[in-house]
file upload09.tsv (TSV, C-alpha atoms and all ligand atoms)
chain	number	residue	atom	x	y	z
X	1	MET	CA	0.00	0.00	0.00
X	2	ASN	CA	1.05	3.64	-0.55
X	3	ILE	CA	1.03	5.34	2.85
X	4	LEU	CA	1.09	9.01	3.84
X	5	VAL	CA	3.03	9.36	7.12
X	6	THR	CA	2.50	12.75	8.75
X	7	GLY	CA	5.25	13.64	11.22
X	8	GLY	CA	7.35	10.96	9.53
X	9	LEU	CA	10.67	12.54	10.52
X	10	GLY	CA	9.77	12.49	14.22
X	11	PHE	CA	10.75	9.88	16.81
X	12	ILE	CA	7.93	7.33	16.36
X	13	GLY	CA	7.11	8.37	12.79
X	14	SER	CA	10.65	7.71	11.51
X	15	HIS	CA	10.80	4.26	13.08
X	16	THR	CA	7.40	3.43	11.58
X	17	VAL	CA	8.58	4.54	8.12
X	18	VAL	CA	11.36	1.93	8.35
X	19	GLU	CA	8.94	-0.83	9.33
X	20	LEU	CA	6.46	0.11	6.59
X	21	ILE	CA	9.09	0.00	3.85
X	22	GLU	CA	10.56	-3.23	5.25
X	23	ASN	CA	7.02	-4.63	4.94
X	24	SER	CA	6.95	-3.71	1.23
X	25	HIS	CA	4.81	-0.60	1.53
X	26	THR	CA	5.68	2.70	-0.13
X	27	VAL	CA	5.76	5.88	1.92
X	28	VAL	CA	5.35	9.63	1.45
X	29	ILE	CA	6.42	11.80	4.40
X	30	VAL	CA	4.90	15.16	5.32
X	31	ASP	CA	6.59	17.01	8.19
X	32	ASN	CA	6.90	20.71	9.10
X	33	LEU	CA	10.22	20.14	10.95
X	34	ILE	CA	8.94	22.00	14.04
X	35	ASN	CA	10.16	19.14	16.24
X	36	SER	CA	12.33	17.07	13.89
X	37	LYS	CA	15.35	17.54	11.64
X	38	ILE	CA	15.74	17.14	7.89
X	39	GLU	CA	18.88	15.01	8.50
X	40	VAL	CA	16.56	12.21	9.66
X	41	LEU	CA	15.41	11.82	6.02
X	42	SER	CA	18.88	10.93	4.79
X	43	HIS	CA	19.36	8.49	7.65
X	44	LEU	CA	16.03	6.85	6.81
X	45	GLU	CA	17.02	6.55	3.15
X	46	THR	CA	20.32	4.96	4.21
X	47	LEU	CA	18.43	2.46	6.36
X	48	VAL	CA	15.86	1.48	3.71
X	49	LYS	CA	18.25	1.87	0.77
X	50	GLN	CA	15.80	3.91	-1.31
X	51	SER	CA	14.70	7.53	-1.63
X	52	ILE	CA	11.54	8.60	0.20
X	53	PRO	CA	9.29	11.39	-1.16
X	54	PHE	CA	9.17	14.22	1.39
X	55	TYR	CA	7.09	17.41	1.61
X	56	GLN	CA	7.88	20.11	4.19
X	57	ILE	CA	4.34	21.26	4.87
X	58	ASP	CA	2.31	22.46	7.85
X	59	LEU	CA	-0.75	20.22	8.04
X	60	THR	CA	-2.98	23.16	8.96
X	61	ASP	CA	-2.31	24.47	5.43
X	62	GLU	CA	-5.18	22.69	3.65
X	63	GLU	CA	-4.29	24.07	0.21
X	64	ALA	CA	-0.72	22.80	0.39
X	65	LEU	CA	-1.79	19.42	1.71
X	66	THR	CA	-4.47	19.08	-0.99
X	67	GLN	CA	-1.72	19.35	-3.57
X	68	VAL	CA	0.09	16.41	-1.92
X	69	PHE	CA	-3.08	14.33	-2.22
X	70	GLU	CA	-3.45	15.41	-5.85
X	71	GLU	CA	0.10	14.31	-6.62
X	72	ASN	CA	-0.11	10.97	-4.79
X	73	LYS	CA	-2.71	8.21	-4.51
X	74	PHE	CA	-2.77	7.11	-0.85
X	75	ASP	CA	-4.19	3.78	0.33
X	76	GLY	CA	-3.65	4.71	3.97
X	77	ILE	CA	-2.54	7.46	6.35
X	78	ILE	CA	-0.65	7.23	9.63
X	79	HIS	CA	-1.10	10.55	11.40
X	80	PHE	CA	1.73	11.20	13.91
X	81	ALA	CA	2.19	14.94	13.42
X	82	GLY	CA	1.41	17.02	16.46
X	83	LEU	CA	2.90	18.98	19.34
X	84	LYS	CA	3.50	16.54	22.19
X	85	SER	CA	5.02	18.17	25.25
X	86	VAL	CA	2.69	17.82	28.23
X	87	GLY	CA	4.34	20.66	30.14
X	88	GLU	CA	4.53	23.02	27.16
X	89	SER	CA	0.85	22.43	26.38
X	90	VAL	CA	-0.11	23.74	29.83
X	91	GLU	CA	1.74	26.99	29.06
X	92	LYS	CA	0.53	27.25	25.43
X	93	PRO	CA	-2.95	25.70	25.27
X	94	ILE	CA	-4.20	27.62	22.19
X	95	GLU	CA	-1.10	26.66	20.19
X	96	TYR	CA	-1.71	23.00	21.05
X	97	TYR	CA	-5.47	23.03	20.34
X	98	LEU	CA	-5.01	24.92	17.08
X	99	ASN	CA	-2.13	22.82	15.80
X	100	ASN	CA	-3.17	19.37	16.93
X	101	LEU	CA	-6.90	19.60	16.27
X	102	VAL	CA	-6.87	21.61	13.03
X	103	SER	CA	-4.15	19.39	11.53
X	104	THR	CA	-6.11	16.24	12.42
X	105	MET	CA	-9.31	17.67	10.94
X	106	VAL	CA	-7.59	18.75	7.72
X	107	VAL	CA	-5.95	15.35	7.25
X	108	ILE	CA	-9.14	13.37	7.87
X	109	LYS	CA	-11.16	15.77	5.64
X	110	LEU	CA	-8.78	15.17	2.73
X	111	ALA	CA	-8.68	11.43	3.47
X	112	GLN	CA	-12.43	11.38	2.85
X	113	GLU	CA	-12.31	13.63	-0.22
X	114	PHE	CA	-9.64	11.44	-1.81
X	115	SER	CA	-11.24	8.14	-0.70
X	116	VAL	CA	-8.32	6.92	1.40
X	117	GLY	CA	-9.34	3.57	2.92
X	118	LYS	CA	-7.24	3.37	6.12
X	119	PHE	CA	-6.43	5.86	8.88
X	120	VAL	CA	-4.18	5.26	11.90
X	121	PHE	CA	-4.23	7.88	14.68
X	122	SER	CA	-1.45	8.45	17.20
X	123	SER	CA	-3.13	8.66	20.60
X	124	SER	CA	-1.82	8.26	24.15
X	125	ALA	CA	-2.42	6.50	27.44
X	126	THR	CA	-2.81	9.97	28.88
X	127	VAL	CA	-6.46	9.87	27.72
X	128	TYR	CA	-7.18	7.50	30.63
X	129	GLY	CA	-6.40	10.20	33.18
X	130	ASP	CA	-5.69	8.98	36.72
X	131	GLN	CA	-7.40	5.56	36.65
X	132	ASP	CA	-6.20	2.28	38.12
X	133	SER	CA	-3.94	0.08	35.98
X	134	PRO	CA	-4.04	-2.21	34.09
X	135	LEU	CA	-5.85	0.17	31.75
X	136	ARG	CA	-8.38	-1.33	29.31
X	137	GLU	CA	-9.69	0.25	26.09
X	138	THR	CA	-13.27	-0.05	27.36
X	139	LEU	CA	-12.67	2.35	30.26
X	140	ASP	CA	-14.44	5.71	30.14
X	141	LEU	CA	-11.97	8.47	29.35
X	142	LYS	CA	-11.25	10.87	32.20
X	143	GLU	CA	-10.04	14.44	32.14
X	144	THR	CA	-6.34	14.41	31.32
X	145	THR	CA	-3.73	16.54	33.08
X	146	SER	CA	-2.93	18.73	30.07
X	147	PRO	CA	-4.21	20.40	26.87
X	148	TYR	CA	-1.91	17.95	25.04
X	149	GLY	CA	-3.90	15.06	26.51
X	150	GLU	CA	-7.19	16.80	25.71
X	151	THR	CA	-6.20	17.12	22.04
X	152	LYS	CA	-5.73	13.35	21.97
X	153	THR	CA	-9.12	12.72	23.58
X	154	MET	CA	-10.79	15.17	21.17
X	155	GLY	CA	-8.96	13.67	18.20
X	156	GLU	CA	-10.37	10.28	19.15
X	157	ARG	CA	-13.87	11.74	19.41
X	158	ILE	CA	-13.60	13.38	15.96
X	159	LEU	CA	-12.58	10.04	14.43
X	160	LYS	CA	-15.44	8.19	16.14
X	161	ASP	CA	-17.92	10.68	14.64
X	162	ILE	CA	-16.30	10.27	11.20
X	163	ALA	CA	-16.60	6.48	11.50
X	164	LYS	CA	-20.37	6.81	12.03
X	165	ILE	CA	-20.86	8.43	8.59
X	166	ASN	CA	-18.06	6.56	6.86
X	167	PRO	CA	-18.29	2.90	7.94
X	168	LYS	CA	-16.03	1.71	5.12
X	169	LEU	CA	-13.10	3.79	6.40
X	170	ALA	CA	-10.83	1.60	8.58
X	171	ILE	CA	-9.78	3.72	11.58
X	172	SER	CA	-7.23	2.54	14.18
X	173	ILE	CA	-6.72	4.60	17.32
X	174	LEU	CA	-3.44	3.58	18.98
X	175	ARG	CA	-2.86	4.59	22.61
X	176	TYR	CA	0.88	4.63	23.33
X	177	PHE	CA	2.23	4.08	26.80
X	178	ASN	CA	5.88	5.16	27.26
X	179	PRO	CA	7.81	4.87	23.97
X	180	VAL	CA	11.60	4.70	24.46
X	181	GLY	CA	14.70	3.27	22.82
X	182	ALA	CA	16.07	3.68	19.28
X	183	HIS	CA	16.61	1.73	16.08
X	184	PRO	CA	19.39	-0.86	16.71
X	185	SER	CA	21.40	0.67	13.85
X	186	GLY	CA	21.81	3.82	15.96
X	187	LEU	CA	20.95	5.91	12.88
X	188	ILE	CA	17.59	7.15	14.18
X	189	GLY	CA	16.34	7.67	17.71
X	190	GLU	CA	14.91	10.17	20.14
X	191	ASN	CA	16.74	13.47	20.35
X	192	PRO	CA	14.48	16.09	21.90
X	193	ASN	CA	15.52	19.70	21.52
X	194	GLY	CA	16.85	21.19	24.75
X	195	ILE	CA	16.62	19.56	28.17
X	196	PRO	CA	14.45	16.39	27.97
X	197	ASN	CA	11.21	16.18	29.95
X	198	ASN	CA	10.95	12.41	29.77
X	199	LEU	CA	12.84	9.97	31.96
X	200	MET	CA	14.82	7.88	29.48
X	201	PRO	CA	16.28	10.69	27.34
X	202	TYR	CA	17.13	12.52	30.58
X	203	ILE	CA	18.92	9.47	32.00
X	204	THR	CA	20.87	9.14	28.73
X	205	LYS	CA	22.10	12.74	28.98
X	206	VAL	CA	23.14	12.19	32.63
X	207	ALA	CA	25.01	9.01	31.65
X	208	LYS	CA	26.84	11.01	28.99
X	209	GLY	CA	27.71	13.81	31.41
X	210	ASP	CA	25.67	16.41	29.51
X	211	LEU	CA	23.48	16.74	32.64
X	212	LYS	CA	24.75	16.51	36.22
X	213	GLN	CA	22.22	14.23	37.87
X	214	LEU	CA	18.72	12.82	37.57
X	215	ASP	CA	16.03	14.24	39.86
X	216	ILE	CA	13.65	11.45	40.77
X	217	PHE	CA	10.21	13.00	41.16
X	218	GLY	CA	9.11	11.41	44.41
X	219	ASP	CA	9.78	8.09	46.12
X	220	ASP	CA	6.67	8.07	48.30
X	221	TYR	CA	4.20	6.56	45.83
X	222	ASP	CA	2.38	3.33	46.65
X	223	THR	CA	4.61	1.28	44.32
X	224	ILE	CA	7.25	-1.46	44.61
X	225	ASP	CA	9.98	1.01	45.67
X	226	GLY	CA	8.05	4.28	46.03
X	227	THR	CA	9.04	5.66	42.60
X	228	GLY	CA	6.72	6.05	39.61
X	229	VAL	CA	5.82	2.92	37.62
X	230	ARG	CA	5.23	3.10	33.86
X	231	ASP	CA	4.74	0.77	30.88
X	232	TYR	CA	7.83	1.30	28.71
X	233	ILE	CA	7.66	0.09	25.11
X	234	HIS	CA	10.54	-0.10	22.61
X	235	VAL	CA	9.91	2.28	19.72
X	236	VAL	CA	10.59	-0.53	17.19
X	237	ASP	CA	7.86	-2.68	18.79
X	238	LEU	CA	5.59	0.37	18.71
X	239	ALA	CA	6.32	0.91	15.01
X	240	LYS	CA	5.47	-2.72	14.23
X	241	GLY	CA	2.16	-2.22	16.04
X	242	HIS	CA	1.28	0.53	13.55
X	243	VAL	CA	1.98	-1.75	10.58
X	244	ALA	CA	-0.20	-4.48	12.12
X	245	ALA	CA	-3.10	-2.06	12.66
X	246	LEU	CA	-2.77	-0.60	9.16
X	247	GLU	CA	-2.75	-4.02	7.49
X	248	LEU	CA	-5.34	-5.83	9.61
X	249	VAL	CA	-8.07	-3.32	10.49
X	250	GLU	CA	-10.59	-3.51	7.62
X	251	SER	CA	-13.48	-1.19	8.55
X	252	GLY	CA	-14.96	0.76	11.46
X	253	VAL	CA	-13.05	2.33	14.35
X	254	HIS	CA	-10.84	0.19	16.59
X	255	THR	CA	-8.91	1.36	19.63
X	256	TYR	CA	-5.81	-0.45	20.93
X	257	ASN	CA	-3.36	-0.03	23.79
X	258	LEU	CA	0.22	-0.30	22.57
X	259	GLY	CA	2.25	-1.23	25.63
X	260	SER	CA	4.13	-4.16	27.13
X	261	GLY	CA	1.46	-4.84	29.76
X	262	LYS	CA	4.14	-4.60	32.47
X	263	GLY	CA	5.11	-1.76	34.85
X	264	THR	CA	8.71	-0.74	35.65
X	265	SER	CA	9.73	1.78	38.32
X	266	VAL	CA	12.15	4.68	37.93
X	267	LEU	CA	14.72	3.04	40.22
X	268	GLU	CA	14.43	-0.25	38.31
X	269	ILE	CA	15.11	1.62	35.05
X	270	ILE	CA	18.20	3.27	36.56
X	271	ILE	CA	19.58	-0.07	37.76
X	272	ILE	CA	19.04	-1.73	34.37
X	273	PHE	CA	20.44	1.22	32.39
X	274	GLN	CA	23.62	1.25	34.55
X	275	LYS	CA	24.10	-2.50	34.24
X	276	VAL	CA	23.48	-2.79	30.49
X	277	ASN	CA	25.67	0.18	29.56
X	278	SER	CA	28.27	0.04	32.39
X	279	VAL	CA	27.59	3.66	33.31
X	280	LYS	CA	26.70	5.48	36.54
X	281	ILE	CA	23.54	7.56	36.90
X	282	PRO	CA	23.84	9.96	39.84
X	283	TYR	CA	20.40	10.86	41.16
X	284	LYS	CA	18.58	12.73	43.90
X	285	ILE	CA	15.06	12.20	45.25
X	286	VAL	CA	13.03	15.42	44.98
X	287	ARG	CA	9.35	16.19	45.43
X	288	ARG	CA	6.69	14.81	43.10
X	289	ARG	CA	6.09	16.45	39.70
X	290	SER	CA	2.57	17.90	39.52
X	291	GLY	CA	0.26	15.90	37.26
X	292	ASP	CA	2.19	12.64	37.72
X	293	ILE	CA	0.34	9.49	38.73
X	294	ALA	CA	1.86	6.59	40.70
X	295	THR	CA	1.29	3.73	38.30
X	296	CYS	CA	0.32	3.41	34.64
X	297	PHE	CA	0.50	0.25	32.54
X	298	ALA	CA	-1.62	-1.35	29.82
X	299	ASP	CA	-3.99	-4.27	29.55
X	300	VAL	CA	-2.84	-5.57	26.14
X	301	THR	CA	-5.33	-8.43	25.78
X	302	LYS	CA	-7.28	-6.73	22.97
X	303	VAL	CA	-4.33	-5.93	20.70
X	304	ASN	CA	-2.78	-9.36	21.35
X	305	ASP	CA	-6.03	-11.14	20.46
X	306	GLU	CA	-7.20	-8.98	17.54
X	307	LEU	CA	-3.94	-8.01	15.84
X	308	GLY	CA	-1.68	-10.79	17.08
X	309	TRP	CA	0.78	-8.05	18.12
X	310	LYS	CA	2.81	-8.01	21.33
X	311	THR	CA	6.07	-6.45	22.44
X	312	THR	CA	9.20	-8.55	21.97
X	313	LEU	CA	11.96	-6.14	23.08
X	314	THR	CA	12.95	-5.79	26.73
X	315	ILE	CA	13.86	-2.91	29.03
X	316	GLU	CA	17.49	-4.02	28.55
X	317	ASP	CA	17.07	-3.68	24.75
X	318	MET	CA	15.56	-0.20	25.23
X	319	CYS	CA	18.46	0.94	27.43
X	320	ARG	CA	21.10	-0.54	25.13
X	321	ASP	CA	19.63	0.88	21.92
X	322	MET	CA	19.07	4.31	23.49
X	323	TRP	CA	22.71	4.45	24.62
X	324	ASN	CA	23.99	3.16	21.27
X	325	PHE	CA	22.10	5.95	19.46
X	326	GLU	CA	23.42	8.56	21.91
X	327	MET	CA	27.03	7.39	21.50
X	328	LYS	CA	26.83	6.96	17.71
X	329	PHE	CA	26.31	10.65	17.17
X	330	ASP	CA	28.21	12.71	19.72
X	331	ASN	CA	25.33	15.00	20.72
X	332	SER	CA	27.59	18.05	20.85
X	333	THR	CA	28.18	17.68	17.12
X	334	ARG	CA	25.07	15.67	16.24
X	335	VAL	CA	22.83	17.45	13.79
X	336	LEU	CA	19.85	15.10	14.25
H	1	LIG	C1	8.18	8.61	33.56
H	1	LIG	C2	8.46	8.43	35.05
H	1	LIG	C3	8.20	10.45	36.32
H	1	LIG	C4	11.60	12.49	34.41
H	1	LIG	C5	4.74	11.25	29.39
H	1	LIG	C6	3.50	11.92	28.93
H	1	LIG	C7	2.65	10.94	28.16
H	1	LIG	C8	3.47	10.30	27.06
H	1	LIG	C9	4.74	9.69	27.59
H	1	LIG	C10	2.97	11.40	24.97
H	1	LIG	C11	7.46	9.18	35.95
H	1	LIG	C12	9.67	9.97	36.34
H	1	LIG	C13	10.65	11.55	34.75
H	1	LIG	C14	12.57	12.89	35.38
H	1	LIG	C15	11.59	11.37	36.95
H	1	LIG	N1	3.78	11.24	26.05
H	1	LIG	N2	10.65	11.00	36.00
H	1	LIG	N3	12.52	12.30	36.62
H	1	LIG	O1	5.07	11.35	32.48
H	1	LIG	O2	4.84	8.80	32.27
H	1	LIG	O3	4.42	10.22	30.28
H	1	LIG	O4	5.45	10.73	28.30
H	1	LIG	O5	2.00	10.78	24.66
H	1	LIG	O6	1.57	11.65	27.60
H	1	LIG	O7	2.76	12.31	30.07
H	1	LIG	O8	6.75	9.97	31.13
H	1	LIG	O9	9.20	9.90	31.05
H	1	LIG	O10	8.08	12.04	31.85
H	1	LIG	O11	8.05	10.02	33.32
H	1	LIG	O12	11.58	10.88	38.09
H	1	LIG	O13	13.46	13.75	35.13
H	1	LIG	O14	9.73	8.97	35.36
H	1	LIG	O15	7.81	10.95	37.59
H	1	LIG	O16	7.21	8.41	37.10
H	1	LIG	P1	5.23	10.10	31.67
H	1	LIG	P2	8.08	10.55	31.79

call {"tool": "encode", "arguments": {"input": "upload09.tsv", "output": "structure tokens", "more": "lines below"}}
Ligand code: WQD
result
Amino acid sequence: MNILVTGGLGFIGSHTVVELIENSHTVVIVDNLINSKIEVLSHLETLVKQSIPFYQIDLTDEEALTQVFEENKFDGIIHFAGLKSVGESVEKPIEYYLNNLVSTMVVIKLAQEFSVGKFVFSSSATVYGDQDSPLRETLDLKETTSPYGETKTMGERILKDIAKINPKLAISILRYFNPVGAHPSGLIGENPNGIPNNLMPYITKVAKGDLKQLDIFGDDYDTIDGTGVRDYIHVVDLAKGHVAALELVESGVHTYNLGSGKGTSVLEIIIIFQKVNSVKIPYKIVRRRSGDIATCFADVTKVNDELGWKTTLTIEDMCRDMWNFEMKFDNSTRVL
């Protein structure tokens, strides 16, 4: 199938492009480079040994995106593009609602006008709000802790309304838990601009000496060791989950958790990262981060049963691949 990948130069998008091409699909990437770098395109082409059509376009620009649809016949769309910082969204709510919602509406509008048959939407476990794990797709959605999370909940609602009037359109809503790691080649990975918000990229910078120490946000939660527990998923496993949903969902709207189904604490991550990479991670316990919950991990029964997809890569693989990516391109000179 010929697939439009929006945000295809981003962290999850780029890894999904590799898996799509390795599964004999063709890909067209649209990305506005607001949170990604053009150098990722050349690394992708090195990995897949072929050129990949790329358009630098803002998805809220309907006229420009229409031209892309006129120049290409798409069988499916995987829509990753969007602003995704929880903290930033609290400070800039309008920017997040405008960008994330308008871009989703423009993409789905054109998908209908050009009779695209399959649509995969990048959602997030954040839509569950503060509910008890394991989290199941049938749970009612609760208010999230950020405008970012609300744009994911609203995006899901828009797609469910579209599905009602367009039953032939196959819509997959994929709720990610905590994506981490990097492609084993070390050519693509996660390289957030500035100081990372998320745990794993932060730990990687501490290990490298770019940052002095890790602040652990609270060790007084009701968890195995008092620190936060999350469901970490290797980005390559996550990418494969997108290919499975794209290929197997035939009609209607289907929602799936993409996680490992297991929880790992912050201290457990630190111990594994140190062991796998023979590095030291200095840390300090500080007070909780507002908006954090104690525990969050997925019930993955539905995706296992319906798509035959499950994670295969371990926390050790995530830590090793993350470190390999970090070391491959010395960040001080890395242009990614
Ligand atoms: C993980 C754990 C922190 C940093 C976020 C978004 C979510 C999704 C994934 C997009 C928690 C602890 C972290 C640090 C720490 N993104 N931590 N020190 O908050 O589970 O999820 O990213 O969809 O929407 O909310 O991920 O990596 O920030 O935190 O102690 O410097 O690590 O308290 O327990 P989170 P995270």

call {"tool": "residues_near_ligand", "arguments": {"input": "upload09.tsv", "ligand": "ligand LIG 1 (chain H)", "cutoff": "9 Å", "atoms": "all atoms listed in the file", "output": "number ranges by chain"}}
result
X: 84-87, 122-127, 145-146, 148-149, 152, 175-180, 196-203, 214-219, 227-232, 265-267, 285-286, 288-296

call {"tool": "closest_residue", "arguments": {"input": "upload09.tsv", "among": "X:Ile21, X:Tyr128, X:Val253, X:Pro184", "to": "Lys160 (chain X)", "atoms": "only C-alpha atoms"}}
result
X:Val253

call {"tool": "atom_distance", "arguments": {"input": "upload09.tsv", "atom1": "CA of Asn277 (chain X)", "atom2": "CA of Asp210 (chain X)"}}
result
16.2 Å

call {"tool": "closest_residue", "arguments": {"input": "upload09.tsv", "among": "X:Lys73, X:His242, X:Lys118, X:Lys328", "to": "Pro167 (chain X)", "atoms": "only C-alpha atoms"}}
result
X:Lys118

call {"tool": "residues_around", "arguments": {"input": "upload09.tsv", "residues": "Thr311 (chain X)", "least_positions_apart": "3", "cutoff": "12 Å", "atoms": "only C-alpha atoms", "output": "PDB file with C-alpha atoms, in the coordinates of the input"}}
result
ATOM      1  CA  PRO X 179       7.810   4.870  23.970  1.00  0.00           C
ATOM      2  CA  ASP X 231       4.740   0.770  30.880  1.00  0.00           C
ATOM      3  CA  TYR X 232       7.830   1.300  28.710  1.00  0.00           C
ATOM      4  CA  ILE X 233       7.660   0.090  25.110  1.00  0.00           C
ATOM      5  CA  HIS X 234      10.540  -0.100  22.610  1.00  0.00           C
ATOM      6  CA  VAL X 235       9.910   2.280  19.720  1.00  0.00           C
ATOM      7  CA  VAL X 236      10.590  -0.530  17.190  1.00  0.00           C
ATOM      8  CA  ASP X 237       7.860  -2.680  18.790  1.00  0.00           C
ATOM      9  CA  LEU X 238       5.590   0.370  18.710  1.00  0.00           C
ATOM     10  CA  ALA X 239       6.320   0.910  15.010  1.00  0.00           C
ATOM     11  CA  LYS X 240       5.470  -2.720  14.230  1.00  0.00           C
ATOM     12  CA  GLY X 241       2.160  -2.220  16.040  1.00  0.00           C
ATOM     13  CA  ASN X 257      -3.360  -0.030  23.790  1.00  0.00           C
ATOM     14  CA  LEU X 258       0.220  -0.300  22.570  1.00  0.00           C
ATOM     15  CA  GLY X 259       2.250  -1.230  25.630  1.00  0.00           C
ATOM     16  CA  SER X 260       4.130  -4.160  27.130  1.00  0.00           C
ATOM     17  CA  GLY X 261       1.460  -4.840  29.760  1.00  0.00           C
ATOM     18  CA  LYS X 262       4.140  -4.600  32.470  1.00  0.00           C
ATOM     19  CA  ALA X 298      -1.620  -1.350  29.820  1.00  0.00           C
ATOM     20  CA  VAL X 300      -2.840  -5.570  26.140  1.00  0.00           C
ATOM     21  CA  VAL X 303      -4.330  -5.930  20.700  1.00  0.00           C
ATOM     22  CA  ASN X 304      -2.780  -9.360  21.350  1.00  0.00           C
ATOM     23  CA  GLY X 308      -1.680 -10.790  17.080  1.00  0.00           C
ATOM     24  CA  THR X 314      12.950  -5.790  26.730  1.00  0.00           C
ATOM     25  CA  ILE X 315      13.860  -2.910  29.030  1.00  0.00           C
ATOM     26  CA  ASP X 317      17.070  -3.680  24.750  1.00  0.00           C
ATOM     27  CA  MET X 318      15.560  -0.200  25.230  1.00  0.00           C
TER      28      MET X 318
END

call {"tool": "closest_residue", "arguments": {"input": "upload09.tsv", "among": "X:Gln274, X:Ser185, X:Asn32, X:Thr255", "to": "Lys302 (chain X)", "atoms": "only C-alpha atoms"}}
result
X:Thr255

call {"tool": "atom_distance", "arguments": {"input": "upload09.tsv", "atom1": "CA of Ile281 (chain X)", "atom2": "CA of Leu187 (chain X)"}}
result
24.2 Å

call {"tool": "residues_around", "arguments": {"input": "upload09.tsv", "residues": "Leu33 (chain X)", "least_positions_apart": "2", "cutoff": "9 Å", "atoms": "only C-alpha atoms", "output": "count of residues only"}}
result
11

call {"tool": "build_atoms", "arguments": {"input": "upload09.tsv", "residues": "region 325-330 of chain X", "atoms": "all heavy atoms", "output": "PDB file, keeping the file's coordinate frame"}}
result
ATOM      1  N   PHE X 325      22.448   4.792  20.307  1.00  0.00           N
ATOM      2  CA  PHE X 325      22.100   5.950  19.460  1.00  0.00           C
ATOM      3  C   PHE X 325      22.819   7.194  19.974  1.00  0.00           C
ATOM      4  O   PHE X 325      23.397   7.962  19.205  1.00  0.00           O
ATOM      5  CB  PHE X 325      20.586   6.159  19.482  1.00  0.00           C
ATOM      6  CG  PHE X 325      20.119   7.426  18.804  1.00  0.00           C
ATOM      7  CD1 PHE X 325      20.233   7.587  17.425  1.00  0.00           C
ATOM      8  CD2 PHE X 325      19.580   8.472  19.545  1.00  0.00           C
ATOM      9  CE1 PHE X 325      19.801   8.745  16.792  1.00  0.00           C
ATOM     10  CE2 PHE X 325      19.156   9.649  18.922  1.00  0.00           C
ATOM     11  CZ  PHE X 325      19.267   9.776  17.540  1.00  0.00           C
ATOM     12  N   GLU X 326      22.789   7.367  21.301  1.00  0.00           N
ATOM     13  CA  GLU X 326      23.420   8.560  21.910  1.00  0.00           C
ATOM     14  C   GLU X 326      24.914   8.593  21.610  1.00  0.00           C
ATOM     15  O   GLU X 326      25.485   9.629  21.272  1.00  0.00           O
ATOM     16  CB  GLU X 326      23.202   8.519  23.427  1.00  0.00           C
ATOM     17  CG  GLU X 326      23.677   9.742  24.171  1.00  0.00           C
ATOM     18  CD  GLU X 326      22.893  11.004  23.827  1.00  0.00           C
ATOM     19  OE1 GLU X 326      21.688  10.888  23.526  1.00  0.00           O
ATOM     20  OE2 GLU X 326      23.509  12.093  23.807  1.00  0.00           O
ATOM     21  N   MET X 327      25.565   7.428  21.682  1.00  0.00           N
ATOM     22  CA  MET X 327      27.030   7.390  21.500  1.00  0.00           C
ATOM     23  C   MET X 327      27.404   7.480  20.022  1.00  0.00           C
ATOM     24  O   MET X 327      28.459   7.969  19.654  1.00  0.00           O
ATOM     25  CB  MET X 327      27.597   6.105  22.108  1.00  0.00           C
ATOM     26  CG  MET X 327      27.400   5.984  23.598  1.00  0.00           C
ATOM     27  SD  MET X 327      27.842   7.499  24.474  1.00  0.00           S
ATOM     28  CE  MET X 327      29.625   7.388  24.402  1.00  0.00           C
ATOM     29  N   LYS X 328      26.483   7.003  19.149  1.00  0.00           N
ATOM     30  CA  LYS X 328      26.830   6.960  17.710  1.00  0.00           C
ATOM     31  C   LYS X 328      27.037   8.375  17.178  1.00  0.00           C
ATOM     32  O   LYS X 328      27.911   8.645  16.391  1.00  0.00           O
ATOM     33  CB  LYS X 328      25.680   6.308  16.951  1.00  0.00           C
ATOM     34  CG  LYS X 328      26.014   5.951  15.522  1.00  0.00           C
ATOM     35  CD  LYS X 328      25.583   4.563  15.193  1.00  0.00           C
ATOM     36  CE  LYS X 328      26.069   4.154  13.804  1.00  0.00           C
ATOM     37  NZ  LYS X 328      26.250   2.739  13.670  1.00  0.00           N
ATOM     38  N   PHE X 329      26.162   9.263  17.615  1.00  0.00           N
ATOM     39  CA  PHE X 329      26.310  10.650  17.170  1.00  0.00           C
ATOM     40  C   PHE X 329      26.622  11.454  18.413  1.00  0.00           C
ATOM     41  O   PHE X 329      25.740  11.655  19.237  1.00  0.00           O
ATOM     42  CB  PHE X 329      25.020  11.162  16.542  1.00  0.00           C
ATOM     43  CG  PHE X 329      24.648  10.426  15.288  1.00  0.00           C
ATOM     44  CD1 PHE X 329      23.946   9.233  15.347  1.00  0.00           C
ATOM     45  CD2 PHE X 329      25.035  10.911  14.057  1.00  0.00           C
ATOM     46  CE1 PHE X 329      23.617   8.543  14.194  1.00  0.00           C
ATOM     47  CE2 PHE X 329      24.704  10.229  12.891  1.00  0.00           C
ATOM     48  CZ  PHE X 329      24.001   9.046  12.955  1.00  0.00           C
ATOM     49  N   ASP X 330      27.885  11.922  18.521  1.00  0.00           N
ATOM     50  CA  ASP X 330      28.210  12.710  19.720  1.00  0.00           C
ATOM     51  C   ASP X 330      27.268  13.895  19.718  1.00  0.00           C
ATOM     52  O   ASP X 330      27.302  14.711  18.810  1.00  0.00           O
ATOM     53  CB  ASP X 330      29.673  13.185  19.663  1.00  0.00           C
ATOM     54  CG  ASP X 330      29.961  14.081  20.853  1.00  0.00           C
ATOM     55  OD1 ASP X 330      28.992  14.572  21.454  1.00  0.00           O
ATOM     56  OD2 ASP X 330      31.125  14.270  21.178  1.00  0.00           O
TER      57      ASP X 330
END
